[in-house]
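Chemist: Structure supplied as entry.csv; contents: CSV, C-alpha atoms and all ligand atoms.
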```
chain,number,residue,atom,x,y,z
A,1,VAL,CA,51.4,-29.4,-22.5
A,2,ASP,CA,54.8,-30.9,-22.0
A,3,ARG,CA,56.3,-32.3,-25.2
A,4,TYR,CA,58.3,-35.6,-25.6
A,5,GLY,CA,59.3,-37.7,-28.5
A,6,VAL,CA,61.5,-40.4,-29.9
A,7,MET,CA,64.2,-39.8,-32.5
A,8,GLY,CA,65.4,-42.5,-34.8
A,9,ASN,CA,65.8,-43.6,-38.4
A,10,PRO,CA,63.7,-45.4,-39.4
A,11,ILE,CA,60.9,-44.4,-36.9
A,12,ALA,CA,57.6,-44.9,-38.7
A,13,HIS,CA,56.9,-48.3,-37.1
A,14,SER,CA,57.9,-47.3,-33.6
A,15,LYS,CA,55.5,-48.4,-30.9
A,16,SER,CA,56.8,-45.8,-28.4
A,17,PRO,CA,54.1,-43.1,-29.1
A,18,ARG,CA,51.4,-45.7,-28.3
A,19,ILE,CA,53.2,-46.9,-25.2
A,20,HIS,CA,53.8,-43.4,-23.8
A,21,ALA,CA,50.2,-42.3,-24.7
A,22,ALA,CA,49.0,-45.3,-22.7
A,23,PHE,CA,51.3,-44.4,-19.8
A,24,ALA,CA,50.1,-40.8,-19.8
A,25,GLU,CA,46.4,-41.8,-19.8
A,26,GLN,CA,47.0,-44.3,-17.0
A,27,THR,CA,48.8,-41.9,-14.8
A,28,GLY,CA,46.8,-38.8,-15.6
A,29,GLN,CA,49.8,-36.9,-17.0
A,30,ALA,CA,49.3,-34.2,-19.6
A,31,LEU,CA,51.9,-34.6,-22.3
A,32,THR,CA,52.4,-35.3,-26.0
A,33,TYR,CA,54.8,-37.8,-27.4
A,34,GLU,CA,55.7,-37.9,-31.1
A,35,ALA,CA,57.9,-40.0,-33.4
A,36,ILE,CA,60.5,-37.9,-35.1
A,37,LEU,CA,62.4,-39.1,-38.2
A,38,VAL,CA,65.9,-37.7,-38.1
A,39,PRO,CA,68.1,-37.8,-41.2
A,40,LEU,CA,71.4,-39.5,-40.9
A,41,GLY,CA,73.9,-36.8,-39.9
A,42,GLY,CA,71.1,-34.6,-38.6
A,43,PHE,CA,70.9,-35.7,-35.0
A,44,GLN,CA,72.6,-32.7,-33.4
A,45,ASP,CA,70.4,-30.2,-35.3
A,46,ALA,CA,67.2,-32.1,-34.5
A,47,LEU,CA,68.1,-32.2,-30.8
A,48,GLU,CA,68.8,-28.4,-30.8
A,49,SER,CA,65.5,-27.6,-32.5
A,50,PHE,CA,63.5,-29.9,-30.2
A,51,ALA,CA,65.1,-28.3,-27.1
A,52,ALA,CA,64.7,-24.8,-28.5
A,53,GLU,CA,61.0,-25.5,-29.0
A,54,GLY,CA,60.6,-26.3,-25.4
A,55,GLY,CA,60.7,-30.1,-25.6
A,56,ARG,CA,61.1,-31.7,-22.2
A,57,GLY,CA,62.5,-35.1,-23.0
A,58,LEU,CA,63.5,-37.6,-25.7
A,59,ASN,CA,63.9,-41.3,-26.3
A,60,ILE,CA,66.7,-42.1,-28.8
A,61,THR,CA,66.7,-45.2,-30.9
A,62,VAL,CA,68.8,-46.7,-33.7
A,63,PRO,CA,71.1,-45.4,-35.0
A,64,PHE,CA,71.6,-42.3,-32.8
A,65,LYS,CA,72.2,-43.7,-29.3
A,66,GLN,CA,76.0,-43.2,-29.4
A,67,GLU,CA,75.6,-39.6,-30.8
A,68,ALA,CA,73.1,-38.9,-28.0
A,69,TRP,CA,75.7,-40.1,-25.5
A,70,GLU,CA,78.1,-37.5,-26.9
A,71,ALA,CA,75.4,-34.7,-27.1
A,72,VAL,CA,74.4,-34.7,-23.4
A,73,ASP,CA,76.3,-32.8,-20.7
A,74,SER,CA,75.8,-35.3,-17.8
A,75,ARG,CA,75.0,-39.0,-17.7
A,76,SER,CA,73.8,-41.7,-15.3
A,77,PRO,CA,76.5,-44.2,-14.3
A,78,ARG,CA,74.7,-46.9,-16.4
A,79,ALA,CA,74.7,-44.6,-19.5
A,80,GLU,CA,78.3,-43.7,-18.9
A,81,ARG,CA,79.2,-47.4,-18.9
A,82,ALA,CA,77.0,-48.3,-21.9
A,83,ARG,CA,78.4,-45.4,-24.0
A,84,ALA,CA,74.9,-45.1,-25.4
A,85,VAL,CA,71.9,-42.9,-24.3
A,86,ASN,CA,68.3,-43.9,-25.0
A,87,THR,CA,66.7,-41.3,-22.7
A,88,ILE,CA,67.4,-37.5,-22.5
A,89,VAL,CA,65.9,-35.2,-19.9
A,90,LEU,CA,65.9,-31.6,-21.2
A,91,GLY,CA,66.2,-29.3,-18.2
A,92,GLY,CA,66.3,-25.5,-17.8
A,93,GLU,CA,69.1,-23.4,-19.2
A,94,GLY,CA,69.8,-25.9,-22.0
A,95,ARG,CA,70.8,-28.7,-19.6
A,96,ARG,CA,70.8,-32.2,-21.1
A,97,TYR,CA,70.9,-35.3,-18.9
A,98,GLY,CA,71.4,-38.7,-20.5
A,99,ASP,CA,70.3,-42.1,-19.2
A,100,ASN,CA,70.1,-45.6,-20.6
A,101,THR,CA,67.1,-47.6,-19.6
A,102,ASP,CA,67.5,-50.5,-22.0
A,103,GLY,CA,69.4,-52.8,-19.6
A,104,VAL,CA,67.1,-52.3,-16.6
A,105,GLY,CA,64.2,-52.8,-19.0
A,106,LEU,CA,65.5,-56.2,-20.0
A,107,VAL,CA,66.2,-57.2,-16.4
A,108,ARG,CA,62.8,-56.1,-15.3
A,109,ASP,CA,61.1,-58.0,-18.1
A,110,LEU,CA,63.1,-61.1,-17.3
A,111,THR,CA,62.9,-61.1,-13.6
A,112,VAL,CA,59.6,-59.3,-12.8
A,113,ASN,CA,57.4,-60.1,-15.7
A,114,HIS,CA,58.6,-63.6,-16.5
A,115,GLY,CA,60.1,-64.7,-13.1
A,116,ALA,CA,63.5,-65.7,-14.5
A,117,ALA,CA,66.4,-66.3,-12.2
A,118,VAL,CA,69.5,-64.5,-13.3
A,119,ALA,CA,71.6,-64.6,-10.1
A,120,GLY,CA,73.8,-67.7,-10.0
A,121,ARG,CA,72.9,-68.7,-13.6
A,122,ARG,CA,75.2,-69.1,-16.6
A,123,LEU,CA,74.4,-66.5,-19.2
A,124,LEU,CA,75.3,-66.3,-22.9
A,125,LEU,CA,75.0,-62.9,-24.6
A,126,LEU,CA,75.1,-63.0,-28.4
A,127,GLY,CA,76.4,-59.9,-30.1
A,128,ALA,CA,78.8,-57.1,-29.1
A,129,GLY,CA,77.2,-54.1,-30.8
A,130,GLY,CA,75.2,-51.2,-29.3
A,131,ALA,CA,72.3,-53.4,-28.2
A,132,ALA,CA,74.6,-55.8,-26.3
A,133,ARG,CA,76.6,-52.9,-24.8
A,134,GLY,CA,73.3,-51.3,-23.5
A,135,VAL,CA,72.3,-54.4,-21.5
A,136,LEU,CA,75.6,-55.9,-20.2
A,137,GLY,CA,76.1,-53.8,-17.1
A,138,PRO,CA,72.6,-54.3,-15.7
A,139,LEU,CA,72.8,-58.0,-16.4
A,140,LEU,CA,76.1,-58.3,-14.5
A,141,GLU,CA,74.5,-56.4,-11.6
A,142,GLU,CA,72.1,-59.3,-11.2
A,143,LYS,CA,75.1,-61.5,-10.2
A,144,PRO,CA,75.1,-64.3,-12.8
A,145,ALA,CA,77.6,-67.2,-12.1
A,146,ALA,CA,79.2,-66.4,-15.5
A,147,LEU,CA,78.4,-64.3,-18.5
A,148,VAL,CA,80.0,-65.2,-21.8
A,149,ILE,CA,79.7,-62.8,-24.8
A,150,ALA,CA,79.9,-64.4,-28.2
A,151,ASN,CA,80.2,-62.3,-31.4
A,152,ARG,CA,80.9,-62.8,-35.1
A,153,THR,CA,83.8,-60.4,-34.7
A,154,ALA,CA,85.7,-61.8,-31.7
A,155,ARG,CA,87.6,-58.7,-30.9
A,156,ARG,CA,84.5,-56.6,-30.2
A,157,ALA,CA,83.3,-59.2,-27.7
A,158,GLU,CA,86.7,-59.3,-26.0
A,159,GLU,CA,86.8,-55.5,-25.7
A,160,LEU,CA,83.2,-55.4,-24.4
A,161,ALA,CA,84.1,-58.0,-21.7
A,162,ALA,CA,87.2,-56.1,-20.8
A,163,ASP,CA,85.3,-52.9,-20.3
A,164,HIS,CA,83.0,-54.6,-17.8
A,165,SER,CA,85.3,-57.0,-16.0
A,166,ASP,CA,85.1,-55.0,-12.8
A,167,LEU,CA,81.3,-55.7,-12.6
A,168,GLY,CA,81.4,-59.5,-12.6
A,169,PRO,CA,82.6,-62.8,-14.2
A,170,VAL,CA,82.5,-61.8,-17.9
A,171,SER,CA,84.5,-63.1,-20.8
A,172,GLY,CA,84.1,-62.7,-24.6
A,173,GLY,CA,85.2,-64.1,-27.9
A,174,GLY,CA,84.1,-65.5,-31.3
A,175,PHE,CA,81.4,-68.1,-31.6
A,176,ASP,CA,84.1,-70.7,-31.6
A,177,VAL,CA,84.6,-70.1,-27.8
A,178,LEU,CA,81.3,-71.9,-27.4
A,179,ALA,CA,82.7,-75.2,-28.6
A,180,GLU,CA,84.7,-75.4,-25.3
A,181,GLU,CA,82.2,-73.8,-23.0
A,182,GLU,CA,79.7,-75.5,-20.8
A,183,CYS,CA,76.0,-75.1,-21.6
A,184,PHE,CA,74.0,-72.0,-20.6
A,185,ASP,CA,70.8,-71.4,-18.5
A,186,LEU,CA,69.9,-68.2,-20.3
A,187,VAL,CA,70.8,-67.1,-23.8
A,188,ILE,CA,70.1,-63.5,-24.9
A,189,ASN,CA,70.3,-62.6,-28.5
A,190,ALA,CA,71.5,-59.0,-29.0
A,191,THR,CA,72.7,-59.5,-32.5
A,192,ALA,CA,71.1,-57.8,-35.5
A,193,ALA,CA,70.9,-61.3,-37.2
A,194,SER,CA,67.1,-61.6,-36.5
A,195,LEU,CA,66.6,-58.6,-38.8
A,196,GLN,CA,67.9,-60.6,-41.6
A,197,GLY,CA,66.1,-63.8,-40.5
A,198,GLN,CA,69.4,-65.4,-39.5
A,199,VAL,CA,70.5,-67.2,-36.4
A,200,PRO,CA,74.1,-66.8,-35.0
A,201,PRO,CA,76.1,-70.0,-35.5
A,202,LEU,CA,75.4,-71.8,-32.1
A,203,PRO,CA,76.1,-75.3,-31.1
A,204,GLY,CA,72.8,-77.0,-30.5
A,205,ARG,CA,74.0,-78.4,-27.1
A,206,CYS,CA,74.8,-74.9,-25.7
A,207,LEU,CA,71.3,-74.9,-24.0
A,208,ALA,CA,71.3,-76.4,-20.5
A,209,PRO,CA,68.2,-78.5,-19.6
A,210,GLY,CA,65.5,-76.0,-18.8
A,211,ALA,CA,67.3,-73.1,-20.5
A,212,TRP,CA,65.5,-69.9,-21.4
A,213,CYS,CA,66.1,-67.9,-24.6
A,214,TYR,CA,65.4,-64.2,-25.0
A,215,ASP,CA,65.6,-62.1,-28.2
A,216,LEU,CA,65.9,-58.3,-27.8
A,217,MET,CA,64.0,-58.1,-31.1
A,218,TYR,CA,60.3,-58.6,-31.5
A,219,ALA,CA,58.1,-59.2,-34.5
A,220,ALA,CA,54.6,-60.4,-35.3
A,221,GLU,CA,56.2,-63.9,-35.9
A,222,PRO,CA,58.8,-65.5,-33.7
A,223,THR,CA,62.3,-64.5,-34.7
A,224,ALA,CA,64.7,-66.9,-36.3
A,225,PHE,CA,66.6,-67.2,-33.1
A,226,LEU,CA,63.5,-68.0,-31.0
A,227,THR,CA,62.4,-70.6,-33.6
A,228,TRP,CA,65.9,-72.2,-33.3
A,229,ALA,CA,65.7,-72.1,-29.5
A,230,ALA,CA,62.4,-73.9,-29.4
A,231,ALA,CA,63.7,-76.5,-31.8
A,232,HIS,CA,66.7,-77.1,-29.6
A,233,GLY,CA,64.8,-77.7,-26.4
A,234,ALA,CA,64.5,-74.2,-24.7
A,235,GLU,CA,62.0,-74.3,-21.9
A,236,ARG,CA,60.9,-70.7,-22.5
A,237,VAL,CA,61.4,-68.4,-25.5
A,238,ILE,CA,60.7,-64.7,-25.0
A,239,ASP,CA,60.8,-61.8,-27.4
A,240,GLY,CA,61.7,-58.2,-26.6
A,241,LEU,CA,58.3,-56.6,-26.5
A,242,GLY,CA,58.2,-56.6,-22.7
A,243,MET,CA,61.7,-55.0,-22.6
A,244,LEU,CA,60.5,-52.3,-25.0
A,245,VAL,CA,57.6,-51.4,-22.6
A,246,GLU,CA,59.8,-51.7,-19.5
A,247,GLN,CA,62.5,-49.4,-20.8
A,248,ALA,CA,59.8,-46.9,-21.8
A,249,ALA,CA,58.3,-47.1,-18.3
A,250,GLU,CA,61.8,-46.3,-16.8
A,251,SER,CA,62.1,-43.3,-19.1
A,252,PHE,CA,58.6,-42.1,-18.2
A,253,ALA,CA,59.4,-42.4,-14.5
A,254,LEU,CA,62.6,-40.4,-15.0
A,255,TRP,CA,60.7,-37.6,-16.8
A,256,ARG,CA,57.4,-37.5,-14.8
A,257,GLY,CA,58.4,-39.0,-11.3
A,258,VAL,CA,55.6,-41.6,-11.6
A,259,ARG,CA,56.1,-45.2,-12.7
A,260,PRO,CA,53.3,-46.6,-14.9
A,261,ASP,CA,51.9,-50.1,-14.6
A,262,THR,CA,53.4,-52.0,-17.6
A,263,ALA,CA,51.3,-55.1,-17.6
A,264,PRO,CA,48.2,-53.6,-19.3
A,265,VAL,CA,50.3,-51.9,-21.9
A,266,ILE,CA,52.1,-55.1,-22.8
A,267,ARG,CA,48.7,-56.8,-23.1
A,268,MET,CA,47.4,-54.0,-25.3
A,269,LEU,CA,50.4,-54.4,-27.7
A,270,ARG,CA,50.2,-58.2,-27.8
A,271,GLY,CA,46.5,-57.8,-28.6
A,272,GLY,CA,47.3,-55.8,-31.8
A,301,LIG,P1,73.0,-52.8,-32.7
A,301,LIG,O1,72.9,-51.4,-32.2
A,301,LIG,O2,71.7,-53.4,-33.2
A,301,LIG,O3,73.7,-53.7,-31.7
A,301,LIG,P2,75.4,-52.9,-34.2
A,301,LIG,O4,76.1,-52.1,-33.1
A,301,LIG,O5,75.7,-52.7,-35.6
A,301,LIG,O6,73.9,-52.8,-34.0
A,301,LIG,O7,75.7,-54.4,-33.8
A,301,LIG,C1,75.1,-55.5,-34.6
A,301,LIG,C2,75.5,-56.8,-33.9
A,301,LIG,O8,74.9,-57.9,-34.6
A,301,LIG,C3,77.0,-57.1,-33.9
A,301,LIG,O9,77.3,-57.9,-32.7
A,301,LIG,C4,77.1,-57.9,-35.2
A,301,LIG,O10,78.3,-58.7,-35.2
A,301,LIG,P3,79.7,-58.1,-35.7
A,301,LIG,O11,80.2,-57.3,-34.5
A,301,LIG,O12,80.5,-59.2,-36.0
A,301,LIG,O13,79.4,-57.2,-36.8
A,301,LIG,C5,75.9,-58.8,-35.1
A,301,LIG,N1,75.4,-59.3,-36.4
A,301,LIG,C6,74.8,-58.6,-37.4
A,301,LIG,N2,74.4,-59.5,-38.4
A,301,LIG,C7,74.7,-60.7,-37.9
A,301,LIG,C8,74.6,-62.0,-38.5
A,301,LIG,N3,74.0,-62.2,-39.7
A,301,LIG,N4,75.0,-63.1,-37.8
A,301,LIG,C9,75.6,-62.9,-36.6
A,301,LIG,N5,75.8,-61.7,-36.0
A,301,LIG,C10,75.3,-60.6,-36.7
```
Represent the supplied structure as C-alpha cells.
Modeler:
Amino acid sequence: VDRYGVMGNPIAHSKSPRIHAAFAEQTGQALTYEAILVPLGGFQDALESFAAEGGRGLNITVPFKQEAWEAVDSRSPRAERARAVNTIVLGGEGRRYGDNTDGVGLVRDLTVNHGAAVAGRRLLLLGAGGAARGVLGPLLEEKPAALVIANRTARRAEELAADHSDLGPVSGGGFDVLAEEECFDLVINATAASLQGQVPPLPGRCLAPGAWCYDLMYAAEPTAFLTWAAAHGAERVIDGLGMLVEQAAESFALWRGVRPDTAPVIRMLRGG
C-alpha cells in the first residue's frame, strides 16, 4: 500500500490524516497517510528515512516548508516563487519534486466554494511571512485591481511585493500605509496574530461596503480577526478550513492523478 504523510512540529492536531483518509475512501485509492512529528533540526533526516522506507509523498507544514523547498531537486513554478514547499512527490531513484498548493487552495476556496470575485477587486493581504508568501502568486494570477501587503515589519512586506511585482499591481509596507489607502473589497489575514488571539492594527474604515474577510487560520471559535471583521461591517467572514481541504485535494491530485470532491470533506470537518 502506498505510503504518504504530513511532517510538522507540532503535528498532533493536524486534520490532514482525516482529510486524506476521506479522499482515499471516496476515490477508491489504496494508501496510508500518517502524521509525523519531526524534531526541529531533524527535517532532512526524517525526509531521508521516509523516502528510504518507500514513502511516495509528503505534505509539509509549519515550520519546515522553507527547508522542504531546499531539500527537493525540482520545483513547480509556484513553489519556486513562494520559496516554500508544502507537497513533495517522491519518485524513483531518489527523485524529489516540490510543489506548493496553499495558494491555489485559497483561491479555489474563495472563488469556487464561496463564489468570491477576486478579479478587478482591491485586496489587502495582512502579513509577510511564510503563509503570505505561499498565497501571493496565485492571488495575483486572479488579476485583482490592486493588492496591498501590510505587515508589522514594513521591510518584509516591501520585499515580498518587490519579488512579485512582475505578476500584477502589488505594493507593500507597514500598517501605517493603510492610513492613506482606499478601502478594500477583500482582506486576507496571513499573520500569526490569530494564534495569540490578536488582531493586526487595522483602521476600521479599511473595509469597503460589502467587503469580505478571510483568515488563513481556523479554529472551533471565530478568530480574533474574523470577530473584528464582523464588528466592522464585513459582509462575509470566512475561516481557513476550506483552504486546508482544497490544498490537500491539490496535493492528492498531484500524487494520485485523481481530484477528490472537497465539499463532503469540508462538511464532515465542520460537523465535528
Ligand atoms: P507563518 O509561516 O505563519 O507566516 P512567519 O513566517 O513567522 O509565520 O510570519 C508570521 C507573520 O505574522 C509575520 O507577517 C508577522 O509579522 P512580522 O513580519 O512583523 O514578524 C506576523 N505577526 C505575528 N504576530 C503578530 C501580531 N501579534 N500582530 C501582527 N502581526 C503579527
Chemist: Any idea what's packed within 12 Å of Thr227 of chain A, counting only C-alpha atoms, ignoring anything in its chain fewer than 2 positions away? Could you give it as a PyMOL selection string?
Modeler: chain A and resi 194+197-199+213-215+221-225+229-234+236-239
Chemist: Measuring between all atoms listed in the file, which one of A:Gly105, A:Gly129, A:Pro39, A:Pro10 shows the shortest distance to ligand LIG 301 (chain A)?
Modeler: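 Answer, going by the shortest atom-to-atom distance: A:Gly129.
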Chemist: Determine, using only C-alpha atoms and all ligand atoms, which residues of chain A have any atom at most 10 Å from an atom of ligand LIG 301 (chain A), and tabulate each with its shortest atom pair and distance in Å to one decimal place, rows ordered by chain and then rising number, as JSON lines.
Modeler:
```
{"residue": "A:Thr61", "atom": "CA", "partner": "A:LIG301", "partner_atom": "O1", "distance": 8.9}
{"residue": "A:Val62", "atom": "CA", "partner": "A:LIG301", "partner_atom": "O1", "distance": 6.4}
{"residue": "A:Pro63", "atom": "CA", "partner": "A:LIG301", "partner_atom": "O1", "distance": 6.9}
{"residue": "A:Phe64", "atom": "CA", "partner": "A:LIG301", "partner_atom": "O1", "distance": 9.2}
{"residue": "A:Lys65", "atom": "CA", "partner": "A:LIG301", "partner_atom": "O1", "distance": 8.3}
{"residue": "A:Gln66", "atom": "CA", "partner": "A:LIG301", "partner_atom": "O1", "distance": 9.2}
{"residue": "A:Ala84", "atom": "CA", "partner": "A:LIG301", "partner_atom": "O1", "distance": 9.5}
{"residue": "A:Leu125", "atom": "CA", "partner": "A:LIG301", "partner_atom": "O9", "distance": 9.8}
{"residue": "A:Leu126", "atom": "CA", "partner": "A:LIG301", "partner_atom": "O9", "distance": 7.0}
{"residue": "A:Gly127", "atom": "CA", "partner": "A:LIG301", "partner_atom": "O9", "distance": 3.4}
{"residue": "A:Ala128", "atom": "CA", "partner": "A:LIG301", "partner_atom": "O9", "distance": 4.0}
{"residue": "A:Gly129", "atom": "CA", "partner": "A:LIG301", "partner_atom": "O4", "distance": 3.2}
{"residue": "A:Gly130", "atom": "CA", "partner": "A:LIG301", "partner_atom": "O1", "distance": 3.7}
{"residue": "A:Ala131", "atom": "CA", "partner": "A:LIG301", "partner_atom": "O3", "distance": 3.8}
{"residue": "A:Ala132", "atom": "CA", "partner": "A:LIG301", "partner_atom": "O3", "distance": 5.9}
{"residue": "A:Arg133", "atom": "CA", "partner": "A:LIG301", "partner_atom": "O3", "distance": 7.5}
{"residue": "A:Gly134", "atom": "CA", "partner": "A:LIG301", "partner_atom": "O3", "distance": 8.6}
{"residue": "A:Ile149", "atom": "CA", "partner": "A:LIG301", "partner_atom": "O9", "distance": 9.6}
{"residue": "A:Ala150", "atom": "CA", "partner": "A:LIG301", "partner_atom": "O9", "distance": 8.3}
{"residue": "A:Asn151", "atom": "CA", "partner": "A:LIG301", "partner_atom": "O9", "distance": 5.4}
{"residue": "A:Arg152", "atom": "CA", "partner": "A:LIG301", "partner_atom": "O12", "distance": 3.7}
{"residue": "A:Thr153", "atom": "CA", "partner": "A:LIG301", "partner_atom": "O12", "distance": 3.7}
{"residue": "A:Ala154", "atom": "CA", "partner": "A:LIG301", "partner_atom": "O12", "distance": 7.2}
{"residue": "A:Arg155", "atom": "CA", "partner": "A:LIG301", "partner_atom": "O11", "distance": 8.3}
{"residue": "A:Arg156", "atom": "CA", "partner": "A:LIG301", "partner_atom": "O11", "distance": 6.1}
{"residue": "A:Ala157", "atom": "CA", "partner": "A:LIG301", "partner_atom": "O11", "distance": 7.7}
{"residue": "A:Gly174", "atom": "CA", "partner": "A:LIG301", "partner_atom": "O12", "distance": 8.6}
{"residue": "A:Phe175", "atom": "CA", "partner": "A:LIG301", "partner_atom": "C9", "distance": 9.3}
{"residue": "A:Asn189", "atom": "CA", "partner": "A:LIG301", "partner_atom": "O8", "distance": 9.0}
{"residue": "A:Ala190", "atom": "CA", "partner": "A:LIG301", "partner_atom": "O3", "distance": 6.3}
{"residue": "A:Thr191", "atom": "CA", "partner": "A:LIG301", "partner_atom": "O8", "distance": 3.4}
{"residue": "A:Ala192", "atom": "CA", "partner": "A:LIG301", "partner_atom": "O8", "distance": 3.9}
{"residue": "A:Ala193", "atom": "CA", "partner": "A:LIG301", "partner_atom": "C7", "distance": 3.9}
{"residue": "A:Ser194", "atom": "CA", "partner": "A:LIG301", "partner_atom": "N3", "distance": 7.6}
{"residue": "A:Leu195", "atom": "CA", "partner": "A:LIG301", "partner_atom": "N2", "distance": 7.9}
{"residue": "A:Gln196", "atom": "CA", "partner": "A:LIG301", "partner_atom": "N3", "distance": 6.6}
{"residue": "A:Gly197", "atom": "CA", "partner": "A:LIG301", "partner_atom": "N3", "distance": 8.1}
{"residue": "A:Gln198", "atom": "CA", "partner": "A:LIG301", "partner_atom": "N3", "distance": 5.6}
{"residue": "A:Val199", "atom": "CA", "partner": "A:LIG301", "partner_atom": "N4", "distance": 6.2}
{"residue": "A:Pro200", "atom": "CA", "partner": "A:LIG301", "partner_atom": "C9", "distance": 4.5}
{"residue": "A:Pro201", "atom": "CA", "partner": "A:LIG301", "partner_atom": "C9", "distance": 7.2}
{"residue": "A:Leu202", "atom": "CA", "partner": "A:LIG301", "partner_atom": "C9", "distance": 10.0}
{"residue": "A:Leu216", "atom": "CA", "partner": "A:LIG301", "partner_atom": "O2", "distance": 9.3}
{"residue": "A:Met217", "atom": "CA", "partner": "A:LIG301", "partner_atom": "O2", "distance": 9.3}
```
Chemist: Can you pull out every residue within 6 Å of segment 53-56 of chain A, counting only C-alpha atoms, but drop anything in the same chain fewer than 2 positions away, and send it as a ChimeraX atom specification?
Modeler: /A:3-4,50-51,90
Chemist: Suppose we keep C-alpha atoms; can you now write the selection as a compact mmCIF listing (two decimals), in the frame of the given file?
Modeler:
```txt
# COMPACT_ATOMS: atom_id res chain seq x y z
CA ARG A 3 56.30 -32.30 -25.20
CA TYR A 4 58.30 -35.60 -25.60
CA PHE A 50 63.50 -29.90 -30.20
CA ALA A 51 65.10 -28.30 -27.10
CA LEU A 90 65.90 -31.60 -21.20
```
Chemist: Between atom CA of Asn100 of chain A and atom CA of Leu58 of chain A, what is the distance, to one decimal in Å?
Modeler: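 Taking atom CA of Asn100 of chain A as the start and atom CA of Leu58 of chain A as the end point, the length is 11.6 Å.
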Chemist: Compute the distance from (71.5, -44.7, -21.5) to each atom, counting all atoms listed in the file, keep the residues with any atom at most 9 Å away, and return them as a list of chain:residue names; use the coordinates of the file.
Modeler: A:Lys65, A:Ala68, A:Trp69, A:Arg75, A:Ser76, A:Pro77, A:Arg78, A:Ala79, A:Glu80, A:Arg81, A:Ala82, A:Arg83, A:Ala84, A:Val85, A:Asn86, A:Thr87, A:Ile88, A:Gly98, A:Asp99, A:Asn100, A:Thr101, A:Asp102, A:Gly103, A:Gly134
Chemist: Go ahead and compute the interatomic distance for atom CA of Pro260 of chain A and atom CA of Gly57 of chain A, in Å to one decimal.
Modeler: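 Atom-to-atom, atom CA of Pro260 of chain A to atom CA of Gly57 of chain A, that is 16.8 Å.
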Chemist: In Å, rounded to a single decimal, give me how far atom CA of Asp109 of chain A is from atom CA of Leu269 of chain A.
Modeler: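 Taking atom CA of Leu269 of chain A as the start and atom CA of Asp109 of chain A as the end point, the length is 14.8 Å.
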Chemist: Could you check the closest approach to Glu93 of chain A for each of A:Ala211, A:Val135, A:Val38, A:Ala52 and tell me which residue wins, using all atoms listed in the file?
Modeler: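 Ranking A:Ala211, A:Val135, A:Val38, A:Ala52 by distance to Glu93 of chain A, first place goes to A:Ala52.
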Chemist: With distances taken over only C-alpha atoms, which residue among A:Ser165, A:Ser16, A:Ser74, A:Gln29 lies nearest Arg96 of chain A?
Modeler: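 The closest residue to Arg96 of chain A is A:Ser74.
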Chemist: Taking into account all atoms listed in the file, which residue in the set A:Leu226, A:Val107, A:Val1, A:Leu124 is nearest to Gly137 of chain A?
Modeler: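 When distances to Gly137 of chain A are compared using all atoms listed in the file, the smallest one comes from A:Val107.
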Chemist: Under the rule that all atoms listed in the file are counted, which of A:Thr262, A:Val148, A:Glu180, A:Ala71 is the nearest residue to Arg95 of chain A?
Modeler: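 Among the listed residues, the smallest separation from Arg95 of chain A belongs to A:Ala71.
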Chemist: Considering all atoms listed in the file, return as a PyMOL selection string whatever protein or nucleic-acid residues lie within 10 Å of Pro264 of chain A, sequence-local ones (same chain, fewer than 6 positions apart) excluded.
Modeler: chain A and resi 22-23+26+270
Chemist: Could you tell me which of A:Met7, A:Val177, A:Ile188, A:Ala117 comes closest to Ala145 of chain A if we count all atoms listed in the file?
Modeler: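 Answer, going by the shortest atom-to-atom distance: A:Ala117.
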Chemist: Write out as JSON, numbers by chain the residues lying within 8 Å of Arg121 of chain A, counting all atoms listed in the file and excluding same-chain residues fewer than 5 positions away.
Modeler: {"A": [144, 145, 146, 184, 185, 186]}
Chemist: For segment 135-145 of chain A, which lacks atoms in the input, supply N, CA and C atoms and format the output as a compact mmCIF listing (two decimals), in the frame of the given file.
Modeler:
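In the end it all went to selection_21.txt:
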```txt
# COMPACT_ATOMS: atom_id res chain seq x y z
N VAL A 135 72.88 -53.51 -22.50
CA VAL A 135 72.30 -54.40 -21.50
C VAL A 135 73.30 -55.08 -20.58
N LEU A 136 74.56 -55.04 -20.94
CA LEU A 136 75.60 -55.90 -20.20
C LEU A 136 75.73 -55.47 -18.76
N GLY A 137 75.87 -54.18 -18.48
CA GLY A 137 76.10 -53.80 -17.10
C GLY A 137 74.94 -54.18 -16.18
N PRO A 138 73.68 -53.83 -16.51
CA PRO A 138 72.60 -54.30 -15.70
C PRO A 138 72.45 -55.78 -15.52
N LEU A 139 72.81 -56.56 -16.55
CA LEU A 139 72.80 -58.00 -16.40
C LEU A 139 73.82 -58.48 -15.39
N LEU A 140 75.02 -57.91 -15.44
CA LEU A 140 76.10 -58.30 -14.50
C LEU A 140 75.71 -57.91 -13.07
N GLU A 141 74.95 -56.83 -12.92
CA GLU A 141 74.50 -56.40 -11.60
C GLU A 141 73.59 -57.42 -10.93
N GLU A 142 72.97 -58.28 -11.75
CA GLU A 142 72.10 -59.30 -11.20
C GLU A 142 72.91 -60.53 -10.67
N LYS A 143 74.22 -60.47 -10.78
CA LYS A 143 75.10 -61.50 -10.20
C LYS A 143 74.95 -62.88 -10.82
N PRO A 144 75.05 -63.00 -12.16
CA PRO A 144 75.10 -64.30 -12.80
C PRO A 144 76.38 -65.05 -12.34
N ALA A 145 76.36 -66.40 -12.41
CA ALA A 145 77.60 -67.20 -12.10
C ALA A 145 78.66 -66.89 -13.12
```
